[in-house]
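Structure data (mmCIF, C-alpha atoms and all ligand atoms) from protein19.cif:
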data_final
#
loop_
_atom_site.label_atom_id
_atom_site.label_comp_id
_atom_site.auth_asym_id
_atom_site.auth_seq_id
_atom_site.Cartn_x
_atom_site.Cartn_y
_atom_site.Cartn_z
CA THR A 1 70.78 43.06 77.03
CA THR A 2 71.40 43.15 80.74
CA THR A 3 71.27 40.15 83.04
CA THR A 4 69.09 40.24 86.13
CA THR A 5 70.56 38.09 88.89
CA ILE A 6 68.34 37.38 91.89
CA LEU A 7 69.31 35.69 95.14
CA ALA A 8 66.21 33.91 96.48
CA VAL A 9 65.48 32.54 99.94
CA GLU A 10 62.79 30.01 100.96
CA THR A 11 62.17 28.94 104.58
CA SER A 12 58.38 28.56 104.80
CA CYS A 13 58.38 25.02 106.16
CA ASP A 14 61.12 22.47 106.80
CA GLU A 15 63.54 23.23 103.95
CA THR A 16 66.23 25.90 104.21
CA ALA A 17 66.80 26.88 100.60
CA VAL A 18 68.78 29.55 98.72
CA SER A 19 69.12 29.87 94.97
CA ILE A 20 70.63 32.25 92.46
CA ILE A 21 68.58 32.74 89.30
CA GLN A 22 69.26 34.76 86.16
CA ASN A 23 66.42 36.33 84.17
CA GLY A 24 63.87 34.07 85.90
CA LYS A 25 65.14 31.08 83.93
CA LYS A 26 68.76 30.16 84.46
CA ILE A 27 69.58 28.30 87.67
CA CYS A 28 73.12 29.28 88.74
CA SER A 29 72.76 27.48 92.06
CA ASN A 30 69.96 25.81 93.98
CA VAL A 31 70.95 24.71 97.49
CA ILE A 32 68.47 22.91 99.75
CA SER A 33 69.01 21.73 103.29
CA SER A 34 66.18 19.44 104.39
CA GLN A 35 65.21 19.00 108.04
CA MET A 36 63.14 15.94 107.22
CA GLU A 37 65.15 13.54 109.37
CA THR A 38 64.84 15.81 112.38
CA HIS A 39 61.05 15.97 112.12
CA GLN A 40 60.60 12.33 111.11
CA LYS A 41 60.72 11.01 114.67
CA PHE A 42 57.82 13.32 115.61
CA GLY A 43 55.68 12.16 112.67
CA GLY A 44 55.37 15.69 111.29
CA VAL A 45 56.98 19.12 111.17
CA VAL A 46 57.48 20.67 114.63
CA PRO A 47 57.31 24.46 114.03
CA GLU A 48 59.61 25.52 116.89
CA ILE A 49 62.31 23.06 115.84
CA ALA A 50 61.95 24.15 112.21
CA SER A 51 62.62 27.81 113.12
CA ARG A 52 65.65 26.92 115.18
CA LYS A 53 67.12 24.75 112.40
CA HIS A 54 66.61 27.56 109.88
CA VAL A 55 68.53 29.93 112.17
CA GLU A 56 71.40 27.44 112.39
CA THR A 57 71.70 26.85 108.64
CA ILE A 58 70.51 29.91 106.71
CA THR A 59 73.86 31.75 106.61
CA LEU A 60 75.75 28.63 105.58
CA ILE A 61 73.25 27.87 102.81
CA MET A 62 73.48 31.46 101.55
CA GLU A 63 77.26 31.26 101.41
CA GLU A 64 77.09 27.91 99.63
CA ALA A 65 74.60 29.19 97.04
CA ILE A 66 76.80 32.21 96.26
CA LYS A 67 79.94 30.09 96.05
CA GLU A 68 78.31 27.49 93.82
CA ALA A 69 76.91 30.12 91.45
CA ASN A 70 80.42 31.53 91.12
CA ILE A 71 79.20 35.11 90.96
CA ASP A 72 80.35 38.38 92.46
CA VAL A 73 77.73 39.59 94.93
CA LYS A 74 78.21 43.04 93.39
CA ASP A 75 76.45 41.70 90.28
CA LEU A 76 73.26 40.81 92.16
CA SER A 77 70.15 42.76 91.14
CA ALA A 78 67.76 41.92 93.99
CA VAL A 79 67.03 39.66 96.95
CA ALA A 80 63.80 37.65 96.94
CA VAL A 81 62.20 35.85 99.85
CA THR A 82 59.05 33.85 100.59
CA GLN A 83 56.71 36.13 102.55
CA GLY A 84 54.02 33.49 103.14
CA PRO A 85 52.01 31.37 103.57
CA GLY A 86 53.83 28.98 105.87
CA LEU A 87 55.01 28.61 109.45
CA VAL A 88 55.39 32.11 110.88
CA GLY A 89 58.61 31.47 112.81
CA ALA A 90 60.19 29.70 109.86
CA LEU A 91 59.21 32.50 107.46
CA ILE A 92 60.66 35.16 109.79
CA VAL A 93 64.11 33.55 109.72
CA GLY A 94 64.29 33.73 105.91
CA ILE A 95 62.89 37.26 105.82
CA VAL A 96 65.36 38.57 108.41
CA ALA A 97 68.27 36.98 106.55
CA ALA A 98 67.09 38.37 103.20
CA LYS A 99 66.62 41.87 104.64
CA ALA A 100 70.03 41.87 106.28
CA PHE A 101 71.69 40.77 103.05
CA ALA A 102 69.72 43.25 100.94
CA SER A 103 70.51 46.20 103.18
CA ALA A 104 74.19 45.31 103.46
CA LEU A 105 74.48 45.30 99.66
CA ASP A 106 71.91 48.04 99.09
CA LEU A 107 69.70 45.80 96.95
CA PRO A 108 65.92 45.88 96.49
CA LEU A 109 63.85 43.29 98.35
CA ILE A 110 61.10 41.24 96.67
CA GLY A 111 58.54 39.36 98.78
CA VAL A 112 57.10 36.31 97.01
CA HIS A 113 54.00 34.20 97.63
CA HIS A 114 54.96 30.55 98.16
CA ILE A 115 52.31 29.26 95.75
CA ALA A 116 53.35 31.72 93.05
CA GLY A 117 56.77 30.14 93.50
CA HIS A 118 55.43 26.59 93.04
CA ILE A 119 53.61 27.66 89.87
CA TYR A 120 56.60 29.54 88.44
CA ALA A 121 58.87 26.52 88.96
CA ASN A 122 57.43 25.64 85.54
CA GLN A 123 58.98 28.78 84.04
CA LEU A 124 62.45 27.48 84.87
CA VAL A 125 61.94 24.71 82.30
CA TYR A 126 59.11 25.73 79.97
CA ASP A 127 57.74 28.77 78.15
CA LEU A 128 54.39 29.62 79.64
CA GLU A 129 51.41 30.53 77.47
CA TYR A 130 48.47 32.39 78.91
CA PRO A 131 45.69 32.01 79.83
CA LEU A 132 46.60 28.92 81.83
CA ILE A 133 45.35 26.75 84.69
CA SER A 134 47.63 25.59 87.49
CA LEU A 135 46.92 22.67 89.79
CA VAL A 136 48.93 23.20 92.98
CA VAL A 137 49.13 20.11 95.19
CA SER A 138 51.41 19.96 98.23
CA GLY A 139 51.49 19.19 101.94
CA GLY A 140 49.85 22.50 102.74
CA HIS A 141 47.97 23.35 99.54
CA THR A 142 45.41 22.15 97.05
CA GLU A 143 44.43 24.88 94.65
CA LEU A 144 43.21 25.34 91.11
CA VAL A 145 44.51 28.70 89.92
CA PHE A 146 43.45 30.55 86.77
CA MET A 147 46.07 32.88 85.32
CA GLU A 148 44.92 35.26 82.61
CA SER A 149 48.37 36.86 82.28
CA PRO A 150 51.77 36.75 84.03
CA GLY A 151 51.42 37.49 87.74
CA SER A 152 47.61 37.47 87.79
CA PHE A 153 46.31 34.73 90.06
CA GLN A 154 42.68 33.77 90.54
CA ILE A 155 41.96 30.86 92.86
CA ILE A 156 38.93 29.13 91.33
CA GLY A 157 38.96 26.13 93.66
CA GLN A 158 40.67 24.95 96.83
CA THR A 159 40.39 22.35 99.54
CA ARG A 160 37.77 22.86 102.22
CA ASP A 161 39.64 20.68 104.73
CA ASP A 162 42.86 18.67 104.27
CA ALA A 163 45.44 19.42 101.58
CA VAL A 164 46.16 16.48 99.26
CA GLY A 165 49.63 15.86 100.69
CA GLU A 166 48.24 16.12 104.21
CA ALA A 167 45.60 13.46 103.37
CA TYR A 168 48.36 11.25 101.95
CA ASP A 169 50.43 11.69 105.11
CA LYS A 170 47.45 10.88 107.38
CA VAL A 171 46.48 7.79 105.39
CA ALA A 172 50.12 6.67 105.47
CA ARG A 173 50.14 7.00 109.25
CA ALA A 174 46.94 4.91 109.49
CA LEU A 175 48.67 2.24 107.40
CA GLY A 176 51.71 2.31 109.69
CA LEU A 177 54.02 3.96 107.15
CA PRO A 178 56.74 6.53 108.04
CA TYR A 179 56.48 10.33 107.59
CA PRO A 180 56.22 11.89 105.05
CA GLY A 181 53.90 9.18 103.85
CA GLY A 182 52.98 10.35 100.34
CA PRO A 183 55.79 8.51 98.52
CA HIS A 184 55.13 5.31 100.55
CA VAL A 185 51.41 5.29 99.70
CA ASP A 186 52.40 5.92 96.07
CA LYS A 187 54.73 2.89 96.15
CA LEU A 188 52.13 0.61 97.76
CA ALA A 189 49.53 1.64 95.17
CA GLN A 190 51.93 0.56 92.41
CA ILE A 191 51.97 -3.04 93.62
CA ALA A 192 48.24 -3.42 94.28
CA ASP A 193 46.44 -6.24 92.42
CA ALA A 194 43.02 -4.64 93.00
CA GLU A 195 41.55 -1.62 94.76
CA ILE A 196 39.21 -1.18 97.68
CA GLU A 197 36.44 1.07 96.37
CA LEU A 198 36.35 4.36 98.31
CA PRO A 199 34.09 7.44 97.95
CA ARG A 200 34.84 10.48 95.79
CA ALA A 201 34.01 13.99 97.00
CA TRP A 202 32.71 15.83 93.93
CA LEU A 203 30.91 18.53 96.00
CA GLU A 204 28.19 20.75 94.46
CA GLN A 205 27.63 20.81 90.71
CA GLY A 206 30.10 23.19 89.09
CA SER A 207 32.31 23.62 92.16
CA TYR A 208 36.08 23.51 91.70
CA ASP A 209 36.62 23.02 95.44
CA PHE A 210 38.01 19.83 96.96
CA SER A 211 37.48 17.86 100.15
CA PHE A 212 39.63 14.99 101.34
CA SER A 213 38.69 14.54 105.00
CA GLY A 214 35.73 12.25 104.23
CA LEU A 215 37.98 10.02 102.17
CA LYS A 216 40.55 9.96 104.96
CA SER A 217 37.81 8.90 107.42
CA ALA A 218 36.70 6.17 105.02
CA VAL A 219 40.25 4.81 104.99
CA LEU A 220 40.41 4.92 108.80
CA SER A 221 37.16 3.01 109.03
CA VAL A 222 38.43 0.29 106.65
CA VAL A 223 41.59 -0.01 108.76
CA ASN A 224 39.63 -0.19 112.03
CA GLN A 225 37.13 -2.73 110.73
CA ALA A 226 39.94 -5.06 109.70
CA LYS A 227 41.48 -4.66 113.15
CA MET A 228 38.15 -5.40 114.91
CA LYS A 229 37.51 -8.49 112.81
CA GLY A 230 41.09 -9.65 113.28
CA GLU A 231 41.61 -9.70 109.49
CA THR A 232 44.89 -8.78 107.82
CA LEU A 233 44.46 -5.60 105.87
CA ASN A 234 45.48 -5.60 102.22
CA LYS A 235 47.42 -2.32 102.45
CA PRO A 236 48.24 -1.99 98.73
CA GLN A 237 44.53 -2.28 97.89
CA VAL A 238 43.66 0.45 100.38
CA ALA A 239 46.48 2.64 99.08
CA LEU A 240 45.30 2.23 95.48
CA GLY A 241 41.66 2.86 96.40
CA PHE A 242 42.62 6.06 98.21
CA GLN A 243 44.94 7.21 95.44
CA ASN A 244 42.42 6.55 92.67
CA SER A 245 39.76 8.48 94.54
CA VAL A 246 42.10 11.48 94.96
CA ILE A 247 43.33 11.36 91.37
CA ASP A 248 39.89 11.02 89.76
CA VAL A 249 38.69 14.23 91.38
CA LEU A 250 41.91 16.19 90.74
CA VAL A 251 42.04 15.18 87.08
CA GLU A 252 38.32 15.76 86.34
CA LYS A 253 38.22 19.20 87.93
CA SER A 254 41.51 20.32 86.35
CA LEU A 255 40.41 19.35 82.86
CA LYS A 256 37.00 20.93 83.31
CA ALA A 257 38.70 24.18 84.40
CA VAL A 258 41.03 24.13 81.38
CA LYS A 259 38.02 23.88 79.06
CA GLN A 260 35.81 26.39 80.84
CA TYR A 261 38.56 29.01 81.06
CA GLY A 262 39.97 28.39 77.58
CA ALA A 263 43.42 27.67 79.00
CA LYS A 264 46.31 27.02 76.61
CA GLN A 265 48.26 24.97 79.16
CA LEU A 266 47.73 22.96 82.33
CA LEU A 267 50.53 23.33 84.90
CA LEU A 268 51.13 20.91 87.75
CA ALA A 269 53.02 22.15 90.80
CA GLY A 270 53.86 21.23 94.42
CA GLY A 271 55.29 18.17 96.17
CA VAL A 272 52.42 15.82 95.30
CA ALA A 273 53.28 16.36 91.60
CA ALA A 274 55.85 13.63 92.34
CA ASN A 275 52.99 11.13 92.57
CA ARG A 276 53.29 8.63 89.75
CA GLY A 277 49.58 7.83 89.62
CA LEU A 278 48.66 11.51 89.32
CA ARG A 279 51.29 12.24 86.69
CA SER A 280 50.31 9.35 84.46
CA ALA A 281 46.55 9.93 84.84
CA LEU A 282 46.98 13.61 83.92
CA GLN A 283 49.31 12.77 81.04
CA ALA A 284 46.89 10.20 79.62
CA ARG A 285 43.86 12.49 79.84
CA CYS A 286 45.65 15.57 78.52
CA GLU A 287 46.94 13.59 75.57
CA ILE A 288 43.43 12.42 74.64
CA GLU A 289 42.06 15.97 74.99
CA GLY A 290 45.02 17.63 73.25
CA ILE A 291 45.91 19.81 76.24
CA PRO A 292 49.59 20.73 76.75
CA LEU A 293 50.55 19.55 80.27
CA LEU A 294 53.60 20.99 82.04
CA ILE A 295 55.18 19.21 85.01
CA PRO A 296 58.49 20.47 86.44
CA PRO A 297 61.28 17.98 87.22
CA LEU A 298 60.88 16.45 90.68
CA GLU A 299 63.53 18.51 92.42
CA LEU A 300 61.67 21.67 91.39
CA CYS A 301 58.25 20.33 92.52
CA THR A 302 59.13 20.11 96.21
CA ASP A 303 60.06 23.23 98.19
CA ASN A 304 63.08 25.07 96.79
CA ALA A 305 64.32 28.64 96.34
CA ALA A 306 64.81 28.52 92.55
CA MET A 307 61.03 28.72 92.14
CA ILE A 308 60.96 31.80 94.41
CA GLY A 309 63.63 33.42 92.21
CA ALA A 310 61.61 32.61 89.09
CA ALA A 311 58.46 34.20 90.52
CA ALA A 312 60.48 37.17 91.80
CA PHE A 313 61.78 37.95 88.31
CA LEU A 314 58.23 38.78 87.22
CA LYS A 315 57.97 41.33 90.02
CA TRP A 316 61.42 42.66 89.13
CA GLU A 317 60.25 43.35 85.58
CA LYS A 318 57.41 45.45 87.00
CA GLN A 319 59.81 47.00 89.54
CA ASP A 320 57.35 45.74 92.13
CA PHE A 321 59.60 45.84 95.18
CA SER A 322 58.78 45.28 98.85
CA ALA A 323 59.40 47.74 101.65
CA MET A 324 62.23 46.97 104.06
CA ASP A 325 59.65 46.41 106.80
CA LEU A 326 58.20 43.42 104.89
CA LYS A 327 56.46 41.14 107.37
CA ALA A 328 55.99 37.38 107.38
CA ASP A 329 52.36 36.53 106.68
CA PRO A 330 51.47 32.91 107.52
CA ARG A 331 48.09 33.33 105.75
CA LEU A 332 49.17 35.54 102.87
CA SER A 333 46.64 35.45 100.03
CA LEU A 334 47.70 34.92 96.42
O1 LIG B 1 55.56 20.91 98.20
P1 LIG B 1 56.05 20.08 99.34
O2 LIG B 1 57.46 19.59 99.30
O3 LIG B 1 55.89 20.86 100.67
C1 LIG B 1 54.83 21.70 100.94
O4 LIG B 1 54.87 22.89 100.54
O5 LIG B 1 53.85 21.19 101.54
O6 LIG B 1 55.03 18.82 99.47
C2 LIG B 1 55.21 17.82 100.45
C3 LIG B 1 54.03 16.84 100.38
C4 LIG B 1 54.00 15.84 101.52
O7 LIG B 1 52.70 15.80 102.06
C5 LIG B 1 54.35 14.51 100.84
O8 LIG B 1 53.79 13.38 101.47
C6 LIG B 1 53.78 14.72 99.47
O9 LIG B 1 54.08 16.08 99.16
N1 LIG B 1 54.39 13.83 98.47
C7 LIG B 1 53.70 12.86 97.80
C8 LIG B 1 54.64 12.20 96.97
N2 LIG B 1 55.86 12.77 97.17
C9 LIG B 1 55.67 13.77 98.08
N3 LIG B 1 52.41 12.52 97.83
C10 LIG B 1 52.02 11.50 97.04
N4 LIG B 1 52.85 10.81 96.23
C11 LIG B 1 54.16 11.11 96.16
N5 LIG B 1 54.98 10.42 95.36
ZN ZN B 2 55.56 24.13 99.11
#

Structure translated into structure tokens:
Amino acid sequence: TTTTTILAVETSCDETAVSIIQNGKKICSNVISSQMETHQKFGGVVPEIASRKHVETITLIMEEAIKEANIDVKDLSAVAVTQGPGLVGALIVGIVAAKAFASALDLPLIGVHHIAGHIYANQLVYDLEYPLISLVVSGGHTELVFMESPGSFQIIGQTRDDAVGEAYDKVARALGLPYPGGPHVDKLAQIADAEIELPRAWLEQGSYDFSFSGLKSAVLSVVNQAKMKGETLNKPQVALGFQNSVIDVLVEKSLKAVKQYGAKQLLLAGGVAANRGLRSALQARCEIEGIPLLIPPLELCTDNAAMIGAAAFLKWEKQDFSAMDLKADPRLSL
């Protein structure tokens, strides 16, 4: 048997990441340089700064990933890169670097969808069984994806406004917490003694779509009312109320999709998969219903290049390569 070794690059947002993956499973190296501190003082990712930082670090990160994997570049089989969605300037930096490297070594190029990457992070640790349902929750995405077979993606539901992580970050800001706020809201919710009841957006009967902007507005109104009345806000109670509202809808719709589509597994993916409330609620419900639930380890939930290498291996098996004029697509569809 031959070994397929893929060098993968991910620069769609504020992480410069390069990884070397064998046969879509074995992580030889997984290097991530986060720009979080740079963007923190602006309260969010500044696209122009993100691109510039990627330019500064991408070559170094590539060198580090190769060195750490302890491989000869002559043994590489292909170069994979996130094509989209994401910030266009940030994506271009990774694509240009991947193309340059691929042409210098005469290797095929494989463009990967960022969400396919998040989903296939699960393949680095588990054996996937189809058909399956994936719940992708991150700063930029909230999607329920049905997969009949490897590489076939059908989005059955998605957010109509804010992504889950985005809602978390906005609520955190309203509560005076630092960016990115998701983990801080999560922590506050853990220490709450009660919750402030907030609305749940179920949308039309049978819809797998989500909406979080109404909930975010409800939180803002609670915060403002307390301010107007001169009352001290019980932040943990607000955090728990918000989190329970988000989790209820995510869990209900995911489980309904698993049943309706006859899925053998439920996969969780994306940065918000780090949320303790969501993990334990999904675990509890899946256990009762006898549904196998897969959640990647935390470092593979947030943006990384190992997941891009895992998704790229699938395309490699089909010899589904990209042309050398591959273009960044900030709104690439799955
Ligand atoms: O997947 P990711 O690293 O980047 C994107 O592709 O968007 O996700 C980042 C998002 C941020 O919005 C962050 O606040 C959220 O994931 N997040 C959390 C938690 N940890 C990260 N949200 C809720 N609870 C957490 N523990
Ligand atoms: Zn992501």

Check your understanding: Within 8 Å of ligand LIG 1 (chain B), counting all atoms listed in the file: which residues, as a ChimeraX atom specification?
Key -> /A:12-13,118,137-141,164-169,179-187,269-277,301-303

Practice item. Just the residues within 7 Å of A:Val31, please, counting all atoms listed in the file, with nothing from its chain fewer than 4 positions along; format it as a ChimeraX atom specification. Key: /A:17-19,61,65

**Study point:** Selection near stretch 208-211 of chain A, 7 Å with all atoms listed in the file, sequence-local residues under 6 positions removed, as a list in words
**Key:** Ile156, Gly157, Gln158, Thr159, Arg160, Asp161, Asp162, Ala201 and Lys253 of chain A

Exercise for review: Fewer than 5 positions away in the same chain doesn't count, so skip those; otherwise give me all residues within 7 Å of A:Pro292, counting only C-alpha atoms, as a PyMOL selection string.
Suggested key: chain A and resi 265-266+286

Could the residues in this selection be saved with C-alpha atoms as a short mmCIF file (atom, residue, chain, number, x, y, z; two decimals), keeping the file's coordinate frame?
data_model
loop_
_atom_site.label_atom_id
_atom_site.label_comp_id
_atom_site.auth_asym_id
_atom_site.auth_seq_id
_atom_site.Cartn_x
_atom_site.Cartn_y
_atom_site.Cartn_z
CA GLN A 265 48.26 24.97 79.16
CA LEU A 266 47.73 22.96 82.33
CA CYS A 286 45.65 15.57 78.52
#

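The closest residue to ligand ZN 2 (chain B), picked from A:Ser29, A:Ser51, A:Gln319, A:Thr82 and counting all atoms listed in the file, is A:Thr82.
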
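Among the candidates A:Ala239, A:Leu255, A:Val145, A:Ala163, the one nearest to A:Ser213 when counting all atoms listed in the file is A:Ala163.
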
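The two atoms in question, atom CA of A:Tyr130 and atom CA of A:Tyr261, are spaced 10.7 Å apart.
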
Review point. Hey, what's within 9 Å of A:Val251 if we count only C-alpha atoms and toss same-chain stuff fewer than 6 positions away? As JSON, numbers by chain, please?
Key: {"A": [278, 281, 282, 285]}

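Shortest atom-to-atom contact with ligand ZN 2 (chain B) among A:Leu300, A:Ile66, A:Ile71, A:Ile196: A:Leu300, counting all atoms listed in the file.
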
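Residues in contact with stretch 92-102 of chain A at up to 7 Å, not including ones fewer than 6 positions away on its chain and judged by all atoms listed in the file, are Val9, Glu10, Thr11, Ser51, His54, Val55, Val79, Val81, Pro108, Leu109, Met324 and Ala328 of chain A.
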
I need the chosen residues saved as an mmCIF file, in the coordinates of the input, with C-alpha atoms.
data_model
loop_
_atom_site.group_PDB
_atom_site.id
_atom_site.type_symbol
_atom_site.label_atom_id
_atom_site.label_comp_id
_atom_site.auth_asym_id
_atom_site.auth_seq_id
_atom_site.Cartn_x
_atom_site.Cartn_y
_atom_site.Cartn_z
ATOM 1 C CA VAL A 9 65.480 32.540 99.940
ATOM 2 C CA GLU A 10 62.790 30.010 100.960
ATOM 3 C CA THR A 11 62.170 28.940 104.580
ATOM 4 C CA SER A 51 62.620 27.810 113.120
ATOM 5 C CA HIS A 54 66.610 27.560 109.880
ATOM 6 C CA VAL A 55 68.530 29.930 112.170
ATOM 7 C CA VAL A 79 67.030 39.660 96.950
ATOM 8 C CA VAL A 81 62.200 35.850 99.850
ATOM 9 C CA PRO A 108 65.920 45.880 96.490
ATOM 10 C CA LEU A 109 63.850 43.290 98.350
ATOM 11 C CA MET A 324 62.230 46.970 104.060
ATOM 12 C CA ALA A 328 55.990 37.380 107.380
#

Review point. Looking at A:Gly262, A:Leu332, A:Ser217, A:Pro178, which one is nearest to A:Lys41, with distances taken over only C-alpha atoms?
Key: A:Pro178

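Take atom CA of A:Thr57 and atom CA of A:Ser33: the distance between them is 7.9 Å.
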
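Taking only C-alpha atoms into account, A:Val112 lies nearest to A:Ala8 out of the set A:Ala8, A:Val88, A:Val219, A:Met228.
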
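For the residues A:Glu15, A:Gly117, A:Glu68, A:Asp75, ranking by smallest atom-to-atom distance to A:Ala311 using only C-alpha atoms places A:Gly117 first.
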
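Atom CA of A:Leu76 is found 12.2 Å from atom CA of A:Ala104.
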
Edge lengths and centre in Å to one decimal, as AutoDock Vina command-line options, is what I'm after for the box along x, y and z that holds all listed atoms of stretch 306-323 of chain A once 3 Å is added on each side.
--center_x 61.1 --center_y 38.1 --center_z 93.6 --size_x 13.5 --size_y 25.2 --size_z 22.1

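Within 7 Å of the file-frame point (50.5, 32.3, 105.5), and using all atoms listed in the file, the polymer residues found are Gly84, Pro85, Gly86, Asp329, Pro330, Arg331 and Leu332 of chain A.
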